[in-house]
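Novice: structure.tsv is reproduced below (TSV, C-alpha atoms).
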```tsv
chain	number	residue	atom	x	y	z
A	1	MET	CA	88.45	-48.46	155.39
A	2	ARG	CA	87.69	-52.00	156.59
A	3	ASN	CA	84.16	-53.33	156.06
A	4	ILE	CA	82.15	-54.43	159.11
A	5	SER	CA	82.64	-58.17	158.53
A	6	ASP	CA	86.41	-57.74	158.38
A	7	THR	CA	86.31	-55.53	161.47
A	8	ILE	CA	84.36	-58.11	163.49
A	9	ALA	CA	86.72	-60.89	162.41
A	10	ARG	CA	89.75	-58.86	163.45
A	11	LEU	CA	88.10	-57.96	166.76
A	12	SER	CA	87.37	-61.61	167.53
A	13	ALA	CA	90.95	-62.60	166.80
A	14	MET	CA	92.31	-59.79	168.96
A	15	HIS	CA	90.04	-60.73	171.84
A	16	ALA	CA	91.11	-64.38	171.66
A	17	ARG	CA	94.79	-63.41	171.69
A	18	SER	CA	94.34	-61.01	174.60
A	19	ALA	CA	92.45	-63.58	176.66
A	20	ALA	CA	95.17	-66.17	176.08
A	21	GLY	CA	98.05	-63.80	176.77
A	22	SER	CA	96.89	-61.53	179.55
A	23	GLY	CA	99.80	-59.63	181.02
A	24	GLU	CA	98.26	-58.65	184.35
A	25	ARG	CA	100.47	-59.11	187.39
A	26	ASN	CA	100.46	-58.17	191.05
A	27	ASP	CA	103.71	-56.98	192.63
A	28	ALA	CA	104.09	-55.41	196.05
A	29	HIS	CA	106.97	-53.10	195.11
A	30	LEU	CA	104.60	-50.51	193.59
A	31	SER	CA	102.66	-48.28	195.97
A	32	GLU	CA	99.30	-46.77	195.04
A	33	ILE	CA	98.70	-43.00	194.96
A	34	THR	CA	95.26	-41.62	195.71
A	35	GLY	CA	93.85	-38.11	195.97
A	36	PHE	CA	96.07	-36.77	193.21
A	37	GLY	CA	93.51	-34.46	191.63
A	38	SER	CA	90.09	-34.44	190.00
A	39	ASN	CA	91.00	-37.57	187.98
A	40	PRO	CA	88.46	-37.07	185.17
A	41	GLY	CA	89.90	-40.11	183.37
A	42	ALA	CA	89.22	-42.38	186.38
A	43	LEU	CA	92.71	-43.91	186.21
A	44	ARG	CA	94.78	-45.49	188.98
A	45	ALA	CA	98.33	-44.41	189.85
A	46	ARG	CA	101.23	-46.63	190.94
A	47	LEU	CA	104.63	-45.40	192.08
A	48	TYR	CA	108.11	-46.85	192.53
A	49	LEU	CA	110.65	-45.04	194.69
A	50	PRO	CA	114.12	-46.53	195.21
A	51	LYS	CA	115.34	-46.96	198.79
A	52	THR	CA	117.75	-44.09	198.23
A	53	LEU	CA	116.15	-41.43	196.09
A	54	ALA	CA	118.61	-39.01	194.50
A	55	ARG	CA	118.28	-35.36	195.52
A	56	GLN	CA	116.08	-33.58	192.97
A	57	ALA	CA	115.61	-36.95	191.27
A	58	ALA	CA	114.22	-37.43	187.78
A	59	LEU	CA	110.78	-38.92	187.12
A	60	VAL	CA	109.91	-41.45	184.42
A	61	VAL	CA	106.22	-41.94	183.57
A	62	VAL	CA	105.57	-45.41	182.13
A	63	LEU	CA	102.34	-46.32	180.29
A	64	HIS	CA	101.50	-50.00	179.86
A	65	GLY	CA	99.98	-51.59	176.78
A	66	CYS	CA	96.62	-53.32	176.27
A	67	THR	CA	95.95	-56.44	178.43
A	68	GLN	CA	98.75	-55.33	180.79
A	69	ASN	CA	98.79	-53.51	184.10
A	70	ALA	CA	101.46	-51.37	185.73
A	71	ALA	CA	103.17	-54.24	187.54
A	72	SER	CA	103.27	-56.58	184.55
A	73	TYR	CA	104.77	-53.96	182.27
A	74	ASP	CA	107.36	-53.04	184.87
A	75	HIS	CA	108.18	-56.73	185.42
A	76	GLY	CA	108.90	-57.05	181.70
A	77	ALA	CA	110.57	-53.74	180.90
A	78	GLY	CA	112.56	-53.41	184.13
A	79	TRP	CA	112.04	-49.71	184.77
A	80	SER	CA	111.94	-50.01	188.57
A	81	GLU	CA	115.04	-52.19	188.48
A	82	LEU	CA	116.86	-49.51	186.53
A	83	ALA	CA	115.51	-46.82	188.86
A	84	ALA	CA	116.93	-48.70	191.84
A	85	GLU	CA	120.34	-48.63	190.16
A	86	HIS	CA	120.28	-44.93	189.31
A	87	GLY	CA	118.09	-43.26	191.92
A	88	PHE	CA	115.09	-41.92	189.99
A	89	ALA	CA	111.33	-42.29	190.54
A	90	VAL	CA	108.91	-44.15	188.26
A	91	LEU	CA	105.20	-43.37	187.96
A	92	PHE	CA	102.87	-45.94	186.39
A	93	PRO	CA	99.41	-44.64	185.40
A	94	GLU	CA	97.11	-47.66	185.22
A	95	GLN	CA	93.94	-48.18	183.22
A	96	GLN	CA	90.83	-49.78	184.78
A	97	ARG	CA	88.54	-52.33	183.15
A	98	ALA	CA	85.57	-50.10	183.92
A	99	ASN	CA	87.07	-47.56	181.50
A	100	ASN	CA	88.39	-50.02	178.93
A	101	PRO	CA	87.76	-53.80	179.19
A	102	ASN	CA	91.04	-54.60	177.45
A	103	LEU	CA	92.99	-52.20	179.72
A	104	CYS	CA	93.99	-49.97	176.79
A	105	PHE	CA	94.48	-46.27	177.36
A	106	ASN	CA	91.86	-44.47	175.25
A	107	TRP	CA	94.33	-42.85	172.84
A	108	PHE	CA	91.72	-42.18	170.14
A	109	VAL	CA	88.86	-40.75	172.25
A	110	PRO	CA	88.80	-36.94	171.79
A	111	GLY	CA	87.65	-36.27	175.36
A	112	ASP	CA	90.54	-38.30	176.78
A	113	ILE	CA	93.35	-36.81	174.71
A	114	ARG	CA	92.73	-33.06	174.82
A	115	ARG	CA	94.94	-30.92	177.02
A	116	ASP	CA	93.40	-30.58	180.51
A	117	SER	CA	90.74	-33.19	179.81
A	118	GLY	CA	90.00	-36.85	180.50
A	119	GLU	CA	92.81	-39.37	180.85
A	120	ALA	CA	95.44	-36.84	179.80
A	121	LEU	CA	94.53	-34.56	182.71
A	122	SER	CA	94.46	-37.49	185.13
A	123	ILE	CA	98.04	-38.34	184.20
A	124	ARG	CA	99.05	-34.69	184.43
A	125	HIS	CA	97.65	-34.52	187.97
A	126	MET	CA	99.48	-37.71	188.96
A	127	ILE	CA	102.76	-36.23	187.78
A	128	GLU	CA	102.23	-33.00	189.71
A	129	SER	CA	101.34	-34.86	192.88
A	130	VAL	CA	104.47	-37.01	192.73
A	131	VAL	CA	106.78	-34.11	191.85
A	132	VAL	CA	105.50	-31.93	194.69
A	133	THR	CA	105.29	-34.66	197.31
A	134	HIS	CA	108.77	-36.06	196.71
A	135	GLY	CA	110.65	-32.95	195.61
A	136	LEU	CA	111.49	-34.26	192.13
A	137	ASP	CA	113.26	-32.31	189.39
A	138	ARG	CA	110.75	-30.54	187.13
A	139	LYS	CA	113.41	-30.25	184.43
A	140	ARG	CA	113.83	-34.04	184.21
A	141	ILE	CA	110.40	-35.56	183.67
A	142	PHE	CA	110.10	-38.19	180.94
A	143	VAL	CA	107.30	-40.35	179.51
A	144	THR	CA	107.28	-43.66	177.64
A	145	GLY	CA	104.78	-46.34	176.68
A	146	LEU	CA	104.02	-49.40	174.56
A	147	SER	CA	101.30	-49.69	171.91
A	148	ALA	CA	98.17	-47.96	173.30
A	149	GLY	CA	100.49	-46.74	176.07
A	150	GLY	CA	102.86	-45.48	173.39
A	151	ALA	CA	99.98	-43.66	171.71
A	152	MET	CA	99.06	-42.14	175.08
A	153	ALA	CA	102.70	-41.14	175.61
A	154	ALA	CA	102.41	-39.32	172.27
A	155	VAL	CA	99.28	-37.63	173.64
A	156	MET	CA	101.08	-36.45	176.78
A	157	LEU	CA	104.04	-35.14	174.79
A	158	ALA	CA	101.66	-33.27	172.47
A	159	ASP	CA	99.38	-31.88	175.19
A	160	TYR	CA	102.11	-30.95	177.70
A	161	PRO	CA	105.42	-30.53	175.83
A	162	GLU	CA	106.52	-27.91	178.36
A	163	LEU	CA	106.37	-30.58	181.08
A	164	PHE	CA	108.68	-33.20	179.57
A	165	ALA	CA	112.41	-33.26	178.86
A	166	GLY	CA	112.01	-36.34	176.70
A	167	GLY	CA	109.71	-39.12	175.57
A	168	ALA	CA	109.85	-42.59	174.07
A	169	ILE	CA	107.18	-44.25	171.95
A	170	ILE	CA	107.32	-48.01	171.42
A	171	ALA	CA	105.03	-49.46	168.72
A	172	GLY	CA	102.71	-46.49	169.20
A	173	LEU	CA	100.79	-44.07	167.02
A	174	ALA	CA	101.05	-40.40	166.15
A	175	TYR	CA	99.03	-37.84	168.05
A	176	GLY	CA	95.60	-36.96	166.70
A	177	THR	CA	95.53	-39.49	163.85
A	178	ALA	CA	92.26	-41.17	164.92
A	179	SER	CA	89.08	-39.95	166.59
A	180	THR	CA	86.67	-42.80	165.77
A	181	ILE	CA	86.75	-46.59	166.07
A	182	PRO	CA	87.11	-47.25	162.31
A	183	GLU	CA	89.91	-44.67	162.09
A	184	ALA	CA	91.72	-46.33	164.99
A	185	PHE	CA	91.72	-49.69	163.20
A	186	ASP	CA	92.77	-48.18	159.91
A	187	ARG	CA	95.66	-46.20	161.42
A	188	MET	CA	96.98	-49.21	163.33
A	189	ARG	CA	97.20	-51.08	160.03
A	190	GLY	CA	98.64	-48.17	158.08
A	191	HIS	CA	95.51	-47.20	156.13
A	192	GLY	CA	94.76	-43.54	155.52
A	193	GLY	CA	95.77	-40.87	157.96
A	194	PRO	CA	96.80	-37.22	157.81
A	195	SER	CA	99.46	-35.92	155.45
A	196	ARG	CA	102.92	-35.02	156.72
A	197	THR	CA	101.92	-31.35	156.86
A	198	ASP	CA	98.70	-32.13	158.74
A	199	LEU	CA	100.54	-34.40	161.18
A	200	GLN	CA	102.85	-31.55	162.11
A	201	ARG	CA	99.94	-29.14	162.36
A	202	LEU	CA	98.09	-31.47	164.74
A	203	LEU	CA	101.06	-31.68	167.08
A	204	ARG	CA	101.66	-27.92	167.14
A	205	ALA	CA	97.96	-27.20	167.71
A	206	ALA	CA	97.64	-29.53	170.71
A	207	SER	CA	99.03	-26.94	173.15
A	208	PRO	CA	100.06	-23.27	173.23
A	209	HIS	CA	103.72	-24.34	173.61
A	210	LYS	CA	106.24	-22.76	171.23
A	211	GLY	CA	109.37	-24.65	172.26
A	212	PRO	CA	111.86	-25.97	173.08
A	213	TRP	CA	110.47	-29.44	172.46
A	214	PRO	CA	111.20	-32.73	174.25
A	215	ARG	CA	113.70	-35.20	172.85
A	216	LEU	CA	112.10	-38.31	171.34
A	217	SER	CA	113.15	-41.97	171.18
A	218	LEU	CA	111.12	-44.07	168.74
A	219	TRP	CA	111.05	-47.90	168.60
A	220	GLN	CA	109.35	-50.12	166.03
A	221	GLY	CA	109.48	-53.78	165.02
A	222	SER	CA	109.80	-54.32	161.29
A	223	ALA	CA	107.40	-57.31	161.45
A	224	ASP	CA	104.75	-55.68	163.66
A	225	ALA	CA	101.36	-56.57	162.18
A	226	THR	CA	99.33	-55.00	165.01
A	227	VAL	CA	100.69	-51.45	164.81
A	228	VAL	CA	102.47	-51.48	161.47
A	229	PRO	CA	105.75	-49.58	160.82
A	230	ALA	CA	103.94	-46.81	158.91
A	231	ASN	CA	102.84	-45.51	162.30
A	232	ALA	CA	106.44	-44.97	163.38
A	233	ASP	CA	106.95	-42.98	160.17
A	234	ALA	CA	103.97	-40.79	161.12
A	235	VAL	CA	105.30	-40.17	164.64
A	236	LEU	CA	108.71	-39.35	163.20
A	237	ALA	CA	107.19	-36.88	160.73
A	238	GLN	CA	105.42	-35.02	163.56
A	239	TRP	CA	108.58	-34.61	165.61
A	240	GLN	CA	110.82	-33.73	162.69
A	241	GLY	CA	108.45	-30.82	162.19
A	242	VAL	CA	108.56	-29.33	165.68
A	243	HIS	CA	112.34	-29.81	165.89
A	244	ASN	CA	112.84	-28.28	162.42
A	245	LEU	CA	114.63	-31.37	161.17
A	246	GLY	CA	114.96	-32.70	157.65
A	247	GLU	CA	113.75	-36.13	156.61
A	248	LYS	CA	117.30	-37.39	156.15
A	249	PRO	CA	118.96	-38.49	159.42
A	250	THR	CA	122.17	-36.93	160.66
A	251	ARG	CA	123.69	-40.40	160.96
A	252	ILE	CA	122.79	-44.08	160.79
A	253	GLU	CA	124.47	-46.66	162.98
A	254	LYS	CA	124.17	-50.23	164.24
A	255	ILE	CA	123.63	-50.98	167.93
A	256	ASN	CA	123.40	-54.62	169.02
A	257	GLY	CA	122.84	-55.44	165.37
A	258	GLN	CA	119.83	-53.11	165.06
A	259	THR	CA	119.48	-49.96	162.97
A	260	ARG	CA	119.45	-46.63	164.79
A	261	LYS	CA	118.80	-43.39	162.94
A	262	VAL	CA	119.65	-40.12	164.67
A	263	TRP	CA	118.63	-36.52	163.97
A	264	SER	CA	120.64	-33.69	165.54
A	265	ASP	CA	119.58	-30.09	165.90
A	266	SER	CA	121.51	-27.02	164.72
A	267	ASN	CA	123.62	-27.16	167.90
A	268	GLY	CA	124.67	-30.75	167.23
A	269	ARG	CA	122.50	-32.19	170.03
A	270	ASP	CA	120.76	-35.49	169.31
A	271	VAL	CA	117.04	-34.73	169.63
A	272	VAL	CA	115.34	-37.63	167.81
A	273	GLU	CA	116.37	-41.26	167.47
A	274	ALA	CA	114.51	-44.07	165.70
A	275	PHE	CA	115.24	-47.77	166.18
A	276	THR	CA	113.97	-50.37	163.73
A	277	ILE	CA	114.16	-53.88	165.21
A	278	ALA	CA	114.54	-56.36	162.36
A	279	GLY	CA	111.99	-59.18	162.39
A	280	MET	CA	110.36	-58.10	165.66
A	281	GLY	CA	106.60	-58.23	166.08
A	282	HIS	CA	104.44	-56.20	168.45
A	283	GLY	CA	106.05	-55.51	171.80
A	284	THR	CA	108.81	-53.90	173.83
A	285	PRO	CA	112.39	-54.87	172.83
A	286	LEU	CA	114.32	-56.51	175.66
A	287	GLN	CA	117.73	-57.96	176.40
A	288	THR	CA	117.20	-60.11	179.46
A	289	GLY	CA	120.56	-61.90	179.60
A	290	GLY	CA	124.19	-60.89	179.93
A	291	GLY	CA	125.78	-58.05	181.87
A	292	ASP	CA	123.39	-55.49	180.33
A	293	GLY	CA	120.31	-57.67	180.82
A	294	LEU	CA	117.15	-56.12	182.19
A	295	GLY	CA	113.54	-57.23	182.59
A	296	LYS	CA	111.73	-60.47	181.76
A	297	ALA	CA	110.27	-61.79	178.52
A	298	GLY	CA	106.52	-62.39	178.33
A	299	PRO	CA	103.42	-61.39	176.34
A	300	PHE	CA	104.37	-58.34	174.25
A	301	MET	CA	107.74	-58.21	176.04
A	302	LEU	CA	110.18	-59.56	173.46
A	303	ASP	CA	113.75	-60.66	174.09
A	304	VAL	CA	115.45	-59.58	170.86
A	305	GLY	CA	118.93	-58.86	172.21
A	306	ILE	CA	118.56	-55.12	172.82
A	307	SER	CA	117.14	-53.38	175.90
A	308	SER	CA	114.95	-50.47	174.87
A	309	THR	CA	114.69	-49.49	178.53
A	310	ARG	CA	118.44	-49.07	178.98
A	311	HIS	CA	118.92	-47.32	175.64
A	312	ILE	CA	116.03	-44.92	176.24
A	313	ALA	CA	117.43	-44.00	179.66
A	314	ARG	CA	120.86	-43.37	178.12
A	315	PHE	CA	119.34	-41.24	175.37
A	316	TRP	CA	117.61	-39.16	178.04
A	317	GLU	CA	120.96	-38.96	179.92
A	318	LEU	CA	119.35	-40.54	182.97
A	319	THR	CA	122.02	-43.15	183.53
A	320	LYS	CA	125.13	-41.00	183.31
A	321	PRO	CA	127.02	-40.80	186.63
A	322	ASP	CA	126.65	-37.02	186.86
A	323	VAL	CA	122.85	-37.28	186.57
A	324	ARG	CA	122.26	-39.34	189.71
A	325	GLY	CA	123.45	-36.81	192.25
A	326	LYS	CA	123.83	-37.50	195.93
A	327	ALA	CA	121.29	-39.90	197.43
A	328	SER	CA	119.18	-38.45	200.21
A	329	GLU	CA	116.16	-39.23	202.30
A	330	VAL	CA	112.76	-38.44	200.77
A	331	THR	CA	111.37	-35.21	202.24
A	332	SER	CA	107.92	-33.68	202.31
A	333	ALA	CA	106.92	-30.85	199.96
A	334	PRO	CA	104.07	-28.33	199.63
A	335	ALA	CA	100.57	-29.49	198.75
A	336	LEU	CA	99.52	-30.31	195.20
A	337	GLN	CA	99.15	-27.29	192.98
A	338	SER	CA	95.75	-26.64	191.42
A	339	PHE	CA	95.30	-26.93	187.65
A	340	ALA	CA	91.66	-25.73	187.50
A	341	PRO	CA	90.58	-28.79	185.48
A	342	THR	CA	87.96	-28.36	182.78
A	343	GLU	CA	86.10	-31.52	183.82
A	344	LYS	CA	84.63	-32.82	187.05
A	345	SER	CA	85.89	-36.08	188.46
A	346	ARG	CA	84.52	-39.11	186.61
A	347	PRO	CA	83.75	-42.07	188.87
A	348	ALA	CA	84.92	-45.49	187.75
A	349	ARG	CA	82.21	-47.28	185.79
A	350	ILE	CA	81.17	-50.80	186.76
A	351	ASP	CA	81.02	-52.54	183.41
A	352	PRO	CA	80.51	-56.27	182.84
A	353	THR	CA	83.52	-58.42	182.11
A	354	PRO	CA	84.12	-59.10	178.39
A	355	GLU	CA	82.82	-62.65	178.87
A	356	ARG	CA	79.53	-61.51	180.44
A	357	ALA	CA	79.17	-58.75	177.87
A	358	ASN	CA	79.58	-61.23	175.01
A	359	ALA	CA	77.01	-63.58	176.57
A	360	ARG	CA	74.51	-60.77	176.98
A	361	SER	CA	75.01	-59.63	173.39
A	362	ALA	CA	73.74	-62.91	171.97
A	363	ALA	CA	70.27	-62.09	173.30
A	364	ASN	CA	70.17	-58.50	172.17
A	365	GLY	CA	70.81	-58.65	168.43
A	366	ILE	CA	73.60	-57.91	165.99
A	367	SER	CA	74.12	-54.31	167.16
A	368	LYS	CA	75.08	-55.55	170.61
A	369	VAL	CA	77.39	-58.19	169.12
A	370	ILE	CA	79.33	-55.48	167.32
A	371	GLU	CA	79.36	-53.18	170.34
A	372	ASP	CA	80.63	-55.87	172.71
A	373	ALA	CA	83.29	-56.99	170.24
A	374	LEU	CA	84.52	-53.42	170.05
A	375	ARG	CA	84.65	-53.24	173.84
A	376	ALA	CA	86.56	-56.49	174.05
A	377	ALA	CA	89.16	-55.09	171.66
A	378	GLY	CA	89.55	-51.99	173.79
A	379	LEU	CA	88.13	-49.67	171.15
A	380	MET	CA	84.88	-48.70	172.80
A	381	ARG	CA	83.84	-47.86	176.36
```
In structure tokens, how does this file's structure come out?
Specialist:
Amino acid sequence: MRNISDTIARLSAMHARSAAGSGERNDAHLSEITGFGSNPGALRARLYLPKTLARQAALVVVLHGCTQNAASYDHGAGWSELAAEHGFAVLFPEQQRANNPNLCFNWFVPGDIRRDSGEALSIRHMIESVVVTHGLDRKRIFVTGLSAGGAMAAVMLADYPELFAGGAIIAGLAYGTASTIPEAFDRMRGHGGPSRTDLQRLLRAASPHKGPWPRLSLWQGSADATVVPANADAVLAQWQGVHNLGEKPTRIEKINGQTRKVWSDSNGRDVVEAFTIAGMGHGTPLQTGGGDGLGKAGPFMLDVGISSTRHIARFWELTKPDVRGKASEVTSAPALQSFAPTEKSRPARIDPTPERANARSAANGISKVIEDALRAAGLMR
């Protein structure tokens, strides 16, 4: 456990880095969805539909990282560009500063990560709205995210495994490993955490689902000092458990010079893959140049010669020719189904900006200094 002085120092450094490298961006190619449900997590929803949407198209749900928004993450990772090539839809849940000043999804807050509660339920409602409205394929829904978005992707896969055909976690954290601010910091840096057995128990207990389980693609930089590689090991341990896999991979191979480990089930189907990107820090792996290039480098979007976006889509079998189907016009569908949410809608909070909060804290004593630093780091609302 870190002491409070170390915690404050780390928070200050994180806030300085996030202020200098904000990844917010405004792009007109994403439409906004409203009225998608009770929205207890008070999130926003952005959507990309290609000009020709494949009949019964797949849906990819993409969760941005801290200091980013939907458009900036899409600009870097290139998901809408890939969707335009292959005819699938992309949904971008988006955090608001009123919920989290650093734009992190609240992956460690118990009320936001339980099934049918908080931010998890908001995202679930978004998905249902998009699927029903645009006639998408319920058997081909996928979720991915970076960092806090990766941790929230792990939440969605744990809470609603029956909903997803596959997931991808990039520099994220295992489900249920933190429920307090100190635990969140410790887990990010590889300190403490549940045992392998408890990790698997947490995942199984998150929902009443008994299987089959989604496929999982896992990505981690070997030099990531923000969310250290031990977190990828924890995620892997959870999913080896539900897929009844051993610790030893079925095969190990090199792709674009990077190590890929693969676990296959008893039928020989690849169900879990884990990429370790040598020397990469905290961010999404990109290949922006060449014939396979996709996306743009930027804060936490790292051009390391391999496109995680393309490889994840291939692992999910999204980019095979027989997956696209015949393009058709988008048609209307029945109204949104009711999920009988366990929470009432939570209005967006109007919180001060981090700068105003920090200024106010100087006049209100050391307790406010700590609280505002935690907010600036995205670890307190």
Novice: Counting all atoms listed in the file, which residue out of A:Thr67, A:Glu128, A:Leu136, A:Asp270 sits closest to Arg314 in chain A?
Specialist: A:Asp270
Novice: List the spatial neighbours of Gly257 in chain A as a ChimeraX atom specification - criterion: any atom at most 9 Å away, only C-alpha atoms, same-chain residues fewer than 6 positions off excluded.
Specialist: /A:277-278,305-306
Novice: Using Å and a single decimal, report how far CA of His311 in chain A sits from CA of Ser217 in chain A.
Specialist: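 A separation of 9.0 Å between them.
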Novice: Using only C-alpha atoms, which protein or nucleic acid residues come within 7 Å of Gly149 in chain A? Drop anything in the same chain fewer than 5 positions from it, and give the result as a list of chain:residue names.
Specialist: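 With the cut-off at 7 Å, the set is A:Leu63, A:His64, A:Gly65, A:Phe105.
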Novice: In Å, rounded to a single decimal, give me how far CA of Leu199 in chain A is from CA of Asn106 in chain A.
Specialist: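 Separation between CA of Asn106 in chain A and CA of Leu199 in chain A: 19.4 Å.
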Novice: Which of these, A:Met156, A:Ala178, A:Leu173, A:Val62, has the shortest distance to Thr309 in chain A once you count all atoms listed in the file?
Specialist: A:Val62
Novice: Got a sec: who's within 7 Å of Gly279 in chain A, counting all atoms listed in the file, leaving out chain neighbours fewer than 5 positions off, as an MDAnalysis selection string?
Specialist: chainID A and resid 221:223
Novice: Which residues are near range 71-77 of chain A? Cut-off 10 Å, only C-alpha atoms, ignore same chain within fewer than 3 positions. Put them as a PDB file with C-alpha atoms, in the coordinates of the input.
Specialist:
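Output contents, as saved in around-v9.pdb:
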```pdb
ATOM      1  CA  SER A  22      96.890 -61.530 179.550  1.00  0.00           C
ATOM      2  CA  GLY A  23      99.800 -59.630 181.020  1.00  0.00           C
ATOM      3  CA  GLU A  24      98.260 -58.650 184.350  1.00  0.00           C
ATOM      4  CA  ARG A  25     100.470 -59.110 187.390  1.00  0.00           C
ATOM      5  CA  ASN A  26     100.460 -58.170 191.050  1.00  0.00           C
ATOM      6  CA  ASP A  27     103.710 -56.980 192.630  1.00  0.00           C
ATOM      7  CA  ALA A  28     104.090 -55.410 196.050  1.00  0.00           C
ATOM      8  CA  HIS A  29     106.970 -53.100 195.110  1.00  0.00           C
ATOM      9  CA  LEU A  30     104.600 -50.510 193.590  1.00  0.00           C
ATOM     10  CA  ARG A  46     101.230 -46.630 190.940  1.00  0.00           C
ATOM     11  CA  TYR A  48     108.110 -46.850 192.530  1.00  0.00           C
ATOM     12  CA  VAL A  62     105.570 -45.410 182.130  1.00  0.00           C
ATOM     13  CA  LEU A  63     102.340 -46.320 180.290  1.00  0.00           C
ATOM     14  CA  HIS A  64     101.500 -50.000 179.860  1.00  0.00           C
ATOM     15  CA  GLY A  65      99.980 -51.590 176.780  1.00  0.00           C
ATOM     16  CA  THR A  67      95.950 -56.440 178.430  1.00  0.00           C
ATOM     17  CA  GLN A  68      98.750 -55.330 180.790  1.00  0.00           C
ATOM     18  CA  SER A  80     111.940 -50.010 188.570  1.00  0.00           C
ATOM     19  CA  GLU A  81     115.040 -52.190 188.480  1.00  0.00           C
ATOM     20  CA  LEU A  82     116.860 -49.510 186.530  1.00  0.00           C
ATOM     21  CA  VAL A  90     108.910 -44.150 188.260  1.00  0.00           C
ATOM     22  CA  PHE A  92     102.870 -45.940 186.390  1.00  0.00           C
ATOM     23  CA  GLU A  94      97.110 -47.660 185.220  1.00  0.00           C
ATOM     24  CA  GLY A 145     104.780 -46.340 176.680  1.00  0.00           C
ATOM     25  CA  LEU A 146     104.020 -49.400 174.560  1.00  0.00           C
ATOM     26  CA  THR A 284     108.810 -53.900 173.830  1.00  0.00           C
ATOM     27  CA  PRO A 285     112.390 -54.870 172.830  1.00  0.00           C
ATOM     28  CA  LEU A 286     114.320 -56.510 175.660  1.00  0.00           C
ATOM     29  CA  GLN A 287     117.730 -57.960 176.400  1.00  0.00           C
ATOM     30  CA  THR A 288     117.200 -60.110 179.460  1.00  0.00           C
ATOM     31  CA  LEU A 294     117.150 -56.120 182.190  1.00  0.00           C
ATOM     32  CA  GLY A 295     113.540 -57.230 182.590  1.00  0.00           C
ATOM     33  CA  LYS A 296     111.730 -60.470 181.760  1.00  0.00           C
ATOM     34  CA  ALA A 297     110.270 -61.790 178.520  1.00  0.00           C
ATOM     35  CA  GLY A 298     106.520 -62.390 178.330  1.00  0.00           C
ATOM     36  CA  PRO A 299     103.420 -61.390 176.340  1.00  0.00           C
ATOM     37  CA  PHE A 300     104.370 -58.340 174.250  1.00  0.00           C
ATOM     38  CA  MET A 301     107.740 -58.210 176.040  1.00  0.00           C
ATOM     39  CA  LEU A 302     110.180 -59.560 173.460  1.00  0.00           C
ATOM     40  CA  ASP A 303     113.750 -60.660 174.090  1.00  0.00           C
ATOM     41  CA  SER A 307     117.140 -53.380 175.900  1.00  0.00           C
ATOM     42  CA  SER A 308     114.950 -50.470 174.870  1.00  0.00           C
ATOM     43  CA  THR A 309     114.690 -49.490 178.530  1.00  0.00           C
ATOM     44  CA  ARG A 310     118.440 -49.070 178.980  1.00  0.00           C
TER      45      ARG A 310
END
```
Novice: Restricting the calculation to only C-alpha atoms: of A:Arg187, A:Lys248, A:His243, A:Arg201, which residue gets closest to Ala225 in chain A?
Specialist: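 Looking only at the distances to Ala225 in chain A, the closest residue turns out to be A:Arg187.
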Novice: Between A:Ala232, A:Arg196, A:Gly111, A:Phe185, which one has atoms that come closest to Pro40 in chain A, using only C-alpha atoms?
Specialist: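 Distance minimum relative to Pro40 in chain A lands on A:Gly111.
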Novice: List the spatial neighbours of Ala230 in chain A as a PyMOL selection string - criterion: any atom at most 10 Å away, only C-alpha atoms, same-chain residues fewer than 2 positions off excluded.
Specialist: chain A and resi 173+187-191+220+222+227-228+232-236
